[in-house]
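Peer 1: My structure is stored as protein_15.txt, with compact mmCIF, C-alpha atoms.
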# COMPACT_ATOMS: atom_id res chain seq x y z
CA MET A 1 -3.49 -5.23 20.60
CA LYS A 2 -5.76 -4.41 17.66
CA ALA A 3 -4.79 -1.88 14.97
CA LEU A 4 -5.77 -0.77 11.48
CA VAL A 5 -3.11 -2.15 9.12
CA PHE A 6 -2.44 -1.09 5.53
CA ARG A 7 -2.17 -4.27 3.48
CA GLY A 8 -1.51 -2.81 0.04
CA THR A 9 -3.38 -0.60 -2.39
CA GLY A 10 -7.10 -0.69 -1.66
CA ARG A 11 -6.81 -2.95 1.39
CA VAL A 12 -6.83 -2.33 5.14
CA ALA A 13 -7.65 -4.62 8.08
CA TRP A 14 -8.38 -4.25 11.82
CA GLN A 15 -6.16 -7.02 13.14
CA ASP A 16 -3.88 -8.21 15.92
CA VAL A 17 -0.41 -6.61 16.02
CA PRO A 18 2.32 -6.57 18.68
CA ASP A 19 1.92 -4.07 21.50
CA PRO A 20 4.21 -1.05 21.12
CA ALA A 21 7.15 -0.69 23.50
CA VAL A 22 9.52 2.12 24.46
CA LYS A 23 12.46 2.00 22.02
CA ASP A 24 14.10 5.32 22.83
CA ALA A 25 14.41 7.32 26.03
CA ALA A 26 12.34 10.12 24.46
CA ASP A 27 9.36 7.84 23.66
CA ALA A 28 5.92 7.71 25.25
CA ILE A 29 3.41 4.86 25.01
CA VAL A 30 -0.10 6.29 24.80
CA ARG A 31 -3.42 4.48 25.10
CA VAL A 32 -5.64 5.77 22.30
CA ASP A 33 -8.91 7.16 23.66
CA ALA A 34 -10.11 8.95 20.51
CA VAL A 35 -8.78 8.86 16.95
CA THR A 36 -9.93 10.14 13.60
CA LEU A 37 -9.53 9.37 9.93
CA CYS A 38 -7.89 11.80 7.52
CA GLY A 39 -8.15 12.37 3.80
CA THR A 40 -4.44 11.58 3.70
CA ASP A 41 -5.25 8.08 4.98
CA LEU A 42 -7.55 7.64 1.98
CA HIS A 43 -4.73 8.82 -0.30
CA ILE A 44 -2.47 6.18 1.30
CA VAL A 45 -5.02 3.41 0.75
CA LYS A 46 -5.37 4.50 -2.89
CA GLY A 47 -1.60 4.13 -3.32
CA ASP A 48 -0.86 7.85 -3.60
CA VAL A 49 1.82 7.78 -0.85
CA PRO A 50 4.24 5.05 -1.92
CA GLU A 51 6.51 5.51 1.14
CA VAL A 52 3.85 3.76 3.24
CA GLU A 53 4.64 0.06 3.15
CA PRO A 54 2.19 -2.83 3.57
CA GLY A 55 2.05 -3.82 7.23
CA ARG A 56 2.09 -0.24 8.50
CA VAL A 57 -0.42 0.78 11.18
CA LEU A 58 -2.12 3.90 9.81
CA GLY A 59 -3.22 7.10 11.52
CA HIS A 60 -1.60 10.30 12.72
CA GLU A 61 -4.29 12.04 14.83
CA ALA A 62 -5.34 10.99 18.33
CA VAL A 63 -6.12 11.89 21.92
CA GLY A 64 -5.03 9.48 24.59
CA THR A 65 -3.65 8.71 28.03
CA VAL A 66 0.07 8.29 28.69
CA MET A 67 0.82 4.79 29.94
CA GLU A 68 4.64 4.72 29.95
CA THR A 69 7.51 7.07 29.17
CA GLY A 70 11.19 6.77 28.41
CA ASP A 71 13.75 8.05 30.91
CA ASP A 72 14.31 11.36 29.09
CA VAL A 73 10.66 12.45 28.92
CA ARG A 74 10.04 15.43 31.22
CA THR A 75 6.81 17.17 30.18
CA VAL A 76 4.30 14.32 30.57
CA ARG A 77 3.98 11.30 32.83
CA PRO A 78 1.79 8.20 33.06
CA GLY A 79 -1.84 9.11 33.60
CA ASP A 80 -1.68 12.40 31.71
CA ARG A 81 -4.34 13.05 29.08
CA VAL A 82 -2.67 14.29 25.87
CA LEU A 83 -3.18 15.36 22.29
CA ILE A 84 -0.89 13.48 19.89
CA SER A 85 0.36 15.78 17.14
CA CYS A 86 0.45 14.53 13.55
CA ILE A 87 4.02 15.88 13.39
CA SER A 88 6.88 14.68 15.58
CA SER A 89 9.81 16.98 16.40
CA CYS A 90 13.33 16.08 17.45
CA GLY A 91 13.80 19.67 18.66
CA ARG A 92 17.48 19.76 17.72
CA CYS A 93 17.87 19.90 13.94
CA ARG A 94 18.01 23.11 11.91
CA PHE A 95 14.37 22.96 10.88
CA CYS A 96 13.06 22.24 14.38
CA ARG A 97 15.04 25.21 15.70
CA GLU A 98 13.21 27.31 13.10
CA ARG A 99 9.86 25.79 14.26
CA ARG A 100 9.49 24.07 10.88
CA TYR A 101 8.81 20.74 12.52
CA GLY A 102 7.28 19.21 9.41
CA GLN A 103 10.76 19.23 7.84
CA CYS A 104 12.51 17.68 10.86
CA ARG A 105 15.74 15.92 9.89
CA GLY A 106 16.33 14.27 13.24
CA GLY A 107 13.85 11.42 12.89
CA GLY A 108 10.65 13.43 13.19
CA GLY A 109 8.34 15.19 10.76
CA TRP A 110 5.32 13.26 9.52
CA VAL A 111 6.29 9.78 10.67
CA LEU A 112 3.21 8.43 12.49
CA GLY A 113 1.19 6.27 10.13
CA HIS A 114 3.71 7.03 7.40
CA LEU A 115 7.19 5.79 8.26
CA ILE A 116 6.39 4.26 11.68
CA ASP A 117 3.23 2.73 13.12
CA GLY A 118 0.48 5.22 13.75
CA THR A 119 -2.49 6.04 15.94
CA GLN A 120 -5.37 3.98 14.52
CA ALA A 121 -4.75 1.39 17.19
CA GLU A 122 -5.41 0.67 20.84
CA TYR A 123 -1.91 1.90 21.79
CA VAL A 124 0.77 3.91 19.99
CA ARG A 125 4.44 4.68 20.51
CA VAL A 126 5.04 8.42 20.12
CA PRO A 127 8.68 9.49 19.53
CA PHE A 128 10.08 12.76 20.91
CA ALA A 129 7.20 12.92 23.36
CA ASP A 130 8.24 16.18 25.03
CA LEU A 131 7.61 18.10 21.81
CA SER A 132 5.13 15.80 20.08
CA VAL A 133 2.29 15.50 22.59
CA HIS A 134 0.37 18.29 24.29
CA PRO A 135 -1.22 17.99 27.77
CA LEU A 136 -4.97 18.48 27.53
CA PRO A 137 -7.13 20.50 29.93
CA ASN A 138 -9.96 18.41 31.34
CA ALA A 139 -12.44 20.95 29.96
CA VAL A 140 -11.56 20.10 26.35
CA ASP A 141 -13.67 17.28 24.91
CA ALA A 142 -11.76 14.44 23.25
CA TYR A 143 -13.64 14.86 19.97
CA ASP A 144 -12.88 18.57 19.87
CA ALA A 145 -9.24 18.05 20.81
CA VAL A 146 -8.59 15.39 18.16
CA LEU A 147 -9.37 18.00 15.47
CA LEU A 148 -6.26 19.88 16.63
CA ALA A 149 -3.94 16.98 15.84
CA ASP A 150 -3.96 17.75 12.13
CA ILE A 151 -6.86 19.47 10.38
CA PHE A 152 -6.89 22.77 12.25
CA PRO A 153 -3.13 23.42 12.28
CA THR A 154 -2.89 22.25 8.66
CA ALA A 155 -5.69 24.51 7.46
CA TYR A 156 -4.39 27.44 9.48
CA GLU A 157 -0.68 27.14 8.70
CA VAL A 158 -0.66 25.79 5.14
CA GLY A 159 -3.80 27.60 4.04
CA VAL A 160 -4.45 30.79 6.01
CA LEU A 161 -0.89 31.75 6.99
CA ASN A 162 0.75 30.69 3.72
CA GLY A 163 -2.04 32.42 1.83
CA ARG A 164 -1.49 35.57 3.92
CA VAL A 165 -5.21 36.17 4.45
CA ARG A 166 -5.82 39.80 5.36
CA PRO A 167 -8.82 41.89 6.42
CA GLY A 168 -11.10 42.60 3.48
CA ASP A 169 -9.69 39.83 1.25
CA THR A 170 -11.81 37.68 -1.01
CA VAL A 171 -10.90 34.12 -0.08
CA VAL A 172 -11.87 31.04 -2.09
CA VAL A 173 -11.57 27.58 -0.54
CA VAL A 174 -11.75 24.76 -3.10
CA GLY A 175 -12.79 21.60 -1.28
CA ALA A 176 -15.19 21.68 1.67
CA GLY A 177 -14.01 18.53 3.38
CA PRO A 178 -12.60 18.68 6.93
CA ILE A 179 -9.48 20.64 5.93
CA GLY A 180 -11.44 23.08 3.78
CA LEU A 181 -13.99 23.66 6.53
CA ALA A 182 -11.21 24.24 9.06
CA ALA A 183 -9.67 26.70 6.59
CA ILE A 184 -12.96 28.61 6.47
CA ILE A 185 -13.15 28.73 10.27
CA THR A 186 -9.56 29.91 10.75
CA ALA A 187 -9.64 32.36 7.82
CA ARG A 188 -12.47 34.15 9.62
CA LEU A 189 -10.00 35.03 12.38
CA TYR A 190 -8.52 37.59 9.94
CA SER A 191 -11.80 39.28 8.95
CA PRO A 192 -11.76 38.65 5.17
CA GLY A 193 -14.31 40.54 3.13
CA ARG A 194 -15.90 37.32 1.87
CA ILE A 195 -15.23 33.59 1.82
CA ILE A 196 -16.40 31.44 -1.10
CA ALA A 197 -16.47 27.64 -0.78
CA VAL A 198 -16.35 25.33 -3.82
CA ASP A 199 -17.18 21.63 -3.73
CA LEU A 200 -19.00 18.88 -5.62
CA ASP A 201 -21.09 17.82 -2.63
CA GLY A 202 -24.16 19.77 -1.57
CA SER A 203 -24.03 18.64 2.06
CA ARG A 204 -20.46 19.87 2.42
CA LEU A 205 -21.39 23.21 0.86
CA ALA A 206 -24.20 23.45 3.42
CA ALA A 207 -21.64 22.78 6.17
CA ALA A 208 -19.40 25.49 4.69
CA ARG A 209 -22.25 28.02 4.88
CA ARG A 210 -23.01 27.01 8.45
CA LEU A 211 -19.36 27.45 9.46
CA GLY A 212 -18.85 30.86 7.88
CA ALA A 213 -18.70 30.79 4.07
CA ASP A 214 -20.48 33.82 2.61
CA ALA A 215 -21.11 32.16 -0.75
CA THR A 216 -20.83 28.65 -2.16
CA ALA A 217 -20.47 27.24 -5.66
CA HIS A 218 -20.89 23.72 -6.97
CA ALA A 219 -17.67 22.75 -8.73
CA ASP A 220 -19.56 21.78 -11.89
CA GLU A 221 -21.62 24.97 -12.06
CA GLY A 222 -19.24 27.77 -12.91
CA PRO A 223 -17.31 28.74 -9.76
CA GLU A 224 -14.94 30.83 -11.87
CA GLN A 225 -17.81 32.98 -13.06
CA LEU A 226 -19.13 33.43 -9.52
CA VAL A 227 -15.73 34.59 -8.31
CA ALA A 228 -15.42 36.95 -11.26
CA ASP A 229 -18.91 38.38 -10.62
CA LEU A 230 -18.18 38.98 -6.94
CA THR A 231 -14.82 40.66 -7.61
CA ASP A 232 -15.68 42.83 -10.63
CA GLY A 233 -13.73 40.43 -12.82
CA LEU A 234 -10.53 40.77 -10.79
CA GLY A 235 -10.32 37.36 -9.10
CA ALA A 236 -9.77 36.26 -5.50
CA ASP A 237 -7.00 37.59 -3.28
CA VAL A 238 -6.39 34.12 -1.81
CA VAL A 239 -7.37 30.72 -3.22
CA MET A 240 -6.79 27.57 -1.16
CA GLU A 241 -6.64 24.11 -2.75
CA ALA A 242 -7.95 21.55 -0.25
CA VAL A 243 -8.64 18.51 -2.43
CA GLY A 244 -5.40 17.23 -3.98
CA VAL A 245 -6.28 16.52 -7.61
CA PRO A 246 -4.92 18.21 -10.75
CA GLU A 247 -8.27 19.66 -11.81
CA THR A 248 -8.83 21.55 -8.55
CA PHE A 249 -5.29 22.91 -8.49
CA GLU A 250 -5.67 24.25 -12.01
CA LEU A 251 -9.07 25.71 -11.09
CA CYS A 252 -7.42 27.60 -8.23
CA THR A 253 -4.85 29.17 -10.53
CA ARG A 254 -7.63 30.39 -12.82
CA MET A 255 -9.55 32.09 -10.00
CA VAL A 256 -6.71 34.10 -8.41
CA ARG A 257 -6.26 37.80 -9.11
CA PRO A 258 -3.04 39.43 -10.34
CA GLY A 259 -0.79 39.70 -7.31
CA GLY A 260 -2.86 37.10 -5.45
CA ARG A 261 -1.86 33.96 -3.59
CA VAL A 262 -2.65 30.29 -4.21
CA ALA A 263 -2.06 28.13 -1.13
CA ASN A 264 -2.00 24.42 -1.93
CA ILE A 265 -3.03 22.30 1.05
CA GLY A 266 -4.20 19.10 -0.67
CA VAL A 267 -2.13 15.92 -0.89
CA HIS A 268 -1.46 15.24 -4.57
CA GLY A 269 -0.88 11.76 -5.91
CA LYS A 270 -0.59 12.80 -9.57
CA PRO A 271 1.20 15.60 -11.46
CA ALA A 272 -0.72 18.83 -11.94
CA ALA A 273 -0.11 21.22 -14.81
CA LEU A 274 1.36 24.61 -13.92
CA HIS A 275 0.30 26.99 -16.64
CA LEU A 276 3.16 29.43 -16.45
CA GLU A 277 2.23 30.71 -19.90
CA ASP A 278 -0.76 32.34 -18.17
CA LEU A 279 0.64 32.95 -14.70
CA TRP A 280 4.08 34.44 -15.34
CA ILE A 281 2.75 37.93 -15.96
CA LYS A 282 0.27 37.99 -13.06
CA ASP A 283 2.68 38.18 -10.09
CA VAL A 284 0.92 35.20 -8.53
CA THR A 285 2.46 33.55 -5.45
CA LEU A 286 2.08 29.76 -5.19
CA THR A 287 2.80 28.03 -1.88
CA THR A 288 2.89 24.39 -0.84
CA GLY A 289 3.56 22.91 2.53
CA LEU A 290 3.43 20.17 5.09
CA VAL A 291 2.00 21.34 8.40
CA ASP A 292 4.52 22.15 11.14
CA THR A 293 1.99 22.16 14.03
CA SER A 294 3.77 25.16 15.54
CA SER A 295 0.31 26.72 15.97
CA THR A 296 -1.14 23.80 17.96
CA PRO A 297 -0.60 25.30 21.45
CA MET A 298 -2.34 28.52 20.38
CA LEU A 299 -5.23 26.63 18.78
CA LEU A 300 -5.54 24.50 21.90
CA ARG A 301 -5.80 27.62 24.08
CA MET A 302 -8.50 28.98 21.77
CA THR A 303 -10.42 25.71 21.98
CA ALA A 304 -10.22 25.65 25.78
CA ALA A 305 -11.52 29.25 25.83
CA GLY A 306 -14.41 28.38 23.49
CA ARG A 307 -13.03 30.62 20.73
CA LEU A 308 -12.56 27.99 18.01
CA PRO A 309 -15.86 26.61 16.71
CA THR A 310 -15.69 22.87 16.10
CA ASP A 311 -19.36 21.89 16.27
CA GLY A 312 -20.54 19.83 13.33
CA LEU A 313 -17.15 18.74 12.03
CA VAL A 314 -17.34 15.27 13.61
CA THR A 315 -20.44 13.82 11.97
CA HIS A 316 -19.94 10.11 12.70
CA ARG A 317 -18.60 8.32 15.79
CA PHE A 318 -17.70 4.67 16.14
CA ASP A 319 -16.17 2.32 18.64
CA LEU A 320 -12.53 1.55 17.80
CA ALA A 321 -13.42 -2.02 16.87
CA ARG A 322 -15.53 -0.68 13.96
CA MET A 323 -12.52 0.87 12.24
CA GLU A 324 -13.09 -0.85 8.88
CA GLU A 325 -16.71 0.31 8.84
CA ALA A 326 -15.55 3.84 9.65
CA TYR A 327 -13.18 3.77 6.66
CA ASP A 328 -16.05 2.69 4.43
CA VAL A 329 -18.30 5.50 5.67
CA PHE A 330 -15.54 8.12 5.32
CA GLY A 331 -14.52 6.87 1.89
CA ARG A 332 -18.12 7.26 0.64
CA ALA A 333 -18.62 10.73 2.08
CA ALA A 334 -20.75 11.89 -0.85
CA GLU A 335 -23.26 9.14 -0.01
CA THR A 336 -22.98 9.08 3.78
CA GLY A 337 -22.66 12.80 4.50
CA ALA A 338 -19.49 12.18 6.50
CA VAL A 339 -17.32 15.20 7.20
CA LYS A 340 -15.01 13.98 9.96
CA VAL A 341 -15.22 10.43 11.29
CA ALA A 342 -13.95 9.77 14.81
CA LEU A 343 -13.55 6.62 16.86
CA GLY A 344 -13.10 6.04 20.55
CA ALA A 345 -12.34 3.40 23.10
CA PRO A 346 -15.29 2.06 25.11
CA GLY A 347 -16.42 4.74 27.54
CA VAL A 348 -15.15 7.52 25.26
CA ALA A 349 -17.18 6.95 22.08
CA GLY A 350 -20.71 5.84 21.56
CA ASP A 351 -22.31 4.33 18.52
CA THR A 352 -22.52 6.08 15.19
CA ALA A 353 -23.70 9.67 15.62
CA PRO A 354 -26.22 11.02 13.17
CA ALA A 355 -24.82 12.96 10.21
CA ALA A 356 -24.80 16.69 10.72
Could you express the structure from this file as structure tokens?

Peer 2:
Amino acid sequence: MKALVFRGTGRVAWQDVPDPAVKDAADAIVRVDAVTLCGTDLHIVKGDVPEVEPGRVLGHEAVGTVMETGDDVRTVRPGDRVLISCISSCGRCRFCRERRYGQCRGGGGWVLGHLIDGTQAEYVRVPFADLSVHPLPNAVDAYDAVLLADIFPTAYEVGVLNGRVRPGDTVVVVGAGPIGLAAIITARLYSPGRIIAVDLDGSRLAAARRLGADATAHADEGPEQLVADLTDGLGADVVMEAVGVPETFELCTRMVRPGGRVANIGVHGKPAALHLEDLWIKDVTLTTGLVDTSSTPMLLRMTAAGRLPTDGLVTHRFDLARMEEAYDVFGRAAETGAVKVALGAPGVAGDTAPAA
């Protein structure tokens, strides 16, 4: 089969690799019908995730069709249409029993496209299939469903829930990429008083306004002052970091109010300064986290009911065979206007869709 292979820092290739096979009785082999690229994949290609070795098939988000299952799989069978979660769960270890699947110690957690071959391929082996794939209603479009593999549960769990967004809160989201936009959408479920989006890219700020941000600020044009002006100098109740660089993390800590919460979502490849000399007296709560995907079934129900707006997040579509081109477009988002790039097998995806 063909797959997107990490070949070392700065290099990927769409190339021939062996077909996956069932290795464990809990495995499923899934034909990939739709797949997307993640900011984490870009971090991997840049060398920010050293656990990913050259030769690894990348990707951890996909929708597909079950082709084969191991003898112990009970919840899906060949022919079923499924959402592949970015997190795999053994279901037996201490963390899985606490629904903290991202910390699975039984061979799961974030393994796809990280420690084992991932979803940016024609076929993928999914471990612990009973807990790691979700049957999809026919009414849910593949390009809507694939957003639930990672970005929506990540934004909701690591951003909104960790940040404890409450009615009336002032919420700042730093980074209006796919995760930041999903954070804006899911924060609105809790009726905050206002949501402020911060980014360097004007097209992404426009998308943030379209999806529910009440105010936007260019990162180079005084977002701290805007937040201060809108909060009578107090600062935001919740600030979410959705970029993953030291400068944005430090910006978040400067915009939070005393007693507020900073929820770090971004994947960091470099150390960030923690200015405890300023923060110790402010009662600020800082949270980090890897998504658990415990919210995925609920988000899937909302999507099927038309209650989770996803329009405009997928701005570019490609055939699977154009994977390298898709990486180029996604990696130059400031030039291309890409928000979320998705690819599909023939019959699922068309040519490149116009940018939103």

Peer 1: List the spatial neighbours of region 106-120 of chain A as number ranges by chain - criterion: any atom at most 6 Å away, all atoms listed in the file, same-chain residues fewer than 3 positions off excluded.

Peer 2: A: 3-4, 52, 56-60, 87-90, 93, 101-103, 124

Peer 1: Now that the selection is made, can you save its residues with C-alpha atoms as a PDB file, keeping the file's coordinate frame?

Peer 2:
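Full text of result-v7.pdb as output:
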ATOM      1  CA  ALA A   3      -4.790  -1.880  14.970  1.00  0.00           C
ATOM      2  CA  LEU A   4      -5.770  -0.770  11.480  1.00  0.00           C
ATOM      3  CA  VAL A  52       3.850   3.760   3.240  1.00  0.00           C
ATOM      4  CA  ARG A  56       2.090  -0.240   8.500  1.00  0.00           C
ATOM      5  CA  VAL A  57      -0.420   0.780  11.180  1.00  0.00           C
ATOM      6  CA  LEU A  58      -2.120   3.900   9.810  1.00  0.00           C
ATOM      7  CA  GLY A  59      -3.220   7.100  11.520  1.00  0.00           C
ATOM      8  CA  HIS A  60      -1.600  10.300  12.720  1.00  0.00           C
ATOM      9  CA  ILE A  87       4.020  15.880  13.390  1.00  0.00           C
ATOM     10  CA  SER A  88       6.880  14.680  15.580  1.00  0.00           C
ATOM     11  CA  SER A  89       9.810  16.980  16.400  1.00  0.00           C
ATOM     12  CA  CYS A  90      13.330  16.080  17.450  1.00  0.00           C
ATOM     13  CA  CYS A  93      17.870  19.900  13.940  1.00  0.00           C
ATOM     14  CA  TYR A 101       8.810  20.740  12.520  1.00  0.00           C
ATOM     15  CA  GLY A 102       7.280  19.210   9.410  1.00  0.00           C
ATOM     16  CA  GLN A 103      10.760  19.230   7.840  1.00  0.00           C
ATOM     17  CA  VAL A 124       0.770   3.910  19.990  1.00  0.00           C
TER      18      VAL A 124
END

Peer 1: Please indicate the distance in Å from CA of Val262 (chain A) to CA of Ala207 (chain A), rounded to one decimal place.

Peer 2: 22.9 Å

Peer 1: Taking into account all atoms listed in the file, which residue in the set A:Ser294, A:Thr9, A:Ser132, A:Thr170 is nearest to Val49 (chain A)?

Peer 2: A:Thr9

Peer 1: With distances taken over only C-alpha atoms, which residue among A:Asp33, A:Asp278, A:Asp144, A:Glu157 lies nearest Asp319 (chain A)?

Peer 2: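 Closest residue, counting only C-alpha atoms: A:Asp33.
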
Peer 1: Draw an axis-aligned box tight on the listed atoms of region 205-223 of chain A, then pad every side by 5 Å and write out centre and edge lengths in Å to one decimal as lines of an AutoDock Vina configuration file.

Peer 2:
center_x = -20.8
center_y = 27.8
center_z = -1.7
size_x = 16.9
size_y = 22.0
size_z = 32.4

Peer 1: Could you please give me, as a list of chain:residue names, the residues of protein, DNA or RNA lying at most 7 Å from (-4.3, -3.2, 12.6) in the coordinate frame of the file, considering all atoms listed in the file?

Peer 2: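 Checked against the point, the hits come out as A:Lys2, A:Ala3, A:Leu4, A:Val5, A:Ala13, A:Trp14, A:Gln15, A:Asp16, A:Val17, A:Val57, A:Ala121.
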
Peer 1: So that I have them on file, write out the residues from the current selection with C-alpha atoms, as a PDB file, in the coordinates of the input.

Peer 2:
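Just written: out.pdb:
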ATOM      1  CA  LYS A   2      -5.760  -4.410  17.660  1.00  0.00           C
ATOM      2  CA  ALA A   3      -4.790  -1.880  14.970  1.00  0.00           C
ATOM      3  CA  LEU A   4      -5.770  -0.770  11.480  1.00  0.00           C
ATOM      4  CA  VAL A   5      -3.110  -2.150   9.120  1.00  0.00           C
ATOM      5  CA  ALA A  13      -7.650  -4.620   8.080  1.00  0.00           C
ATOM      6  CA  TRP A  14      -8.380  -4.250  11.820  1.00  0.00           C
ATOM      7  CA  GLN A  15      -6.160  -7.020  13.140  1.00  0.00           C
ATOM      8  CA  ASP A  16      -3.880  -8.210  15.920  1.00  0.00           C
ATOM      9  CA  VAL A  17      -0.410  -6.610  16.020  1.00  0.00           C
ATOM     10  CA  VAL A  57      -0.420   0.780  11.180  1.00  0.00           C
ATOM     11  CA  ALA A 121      -4.750   1.390  17.190  1.00  0.00           C
TER      12      ALA A 121
END

Peer 1: Compile the contact shell of Phe152 (chain A) as a PyMOL selection string: residues with an atom at most 8 Å away, counting all atoms listed in the file, same-chain residues fewer than 2 positions apart removed.

Peer 2: chain A and resi 147-150+154-156+179+182-183+186+299

Peer 1: So, with all atoms listed in the file as the atoms that count, which of A:Leu136, A:Ala236, A:Ala228, A:Val245 lies closest to Asp169 (chain A)?

Peer 2: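 Using all atoms listed in the file, Asp169 (chain A) sits closest to A:Ala236.
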
Peer 1: So how far away is CA of Asp214 (chain A) from CA of Arg194 (chain A), in Å?

Peer 2: 5.8 Å

Peer 1: Any idea what the distance is between CA of Leu205 (chain A) and CA of Ala217 (chain A)?

Peer 2: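 These atoms are spaced 7.7 Å apart.
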
Peer 1: Find the residues near Ala34 (chain A): any atom within 6 Å, counting all atoms listed in the file, skip ones fewer than 6 places away on the same chain, and give them as JSON, numbers by chain.

Peer 2: {"A": [62, 63, 343, 344]}
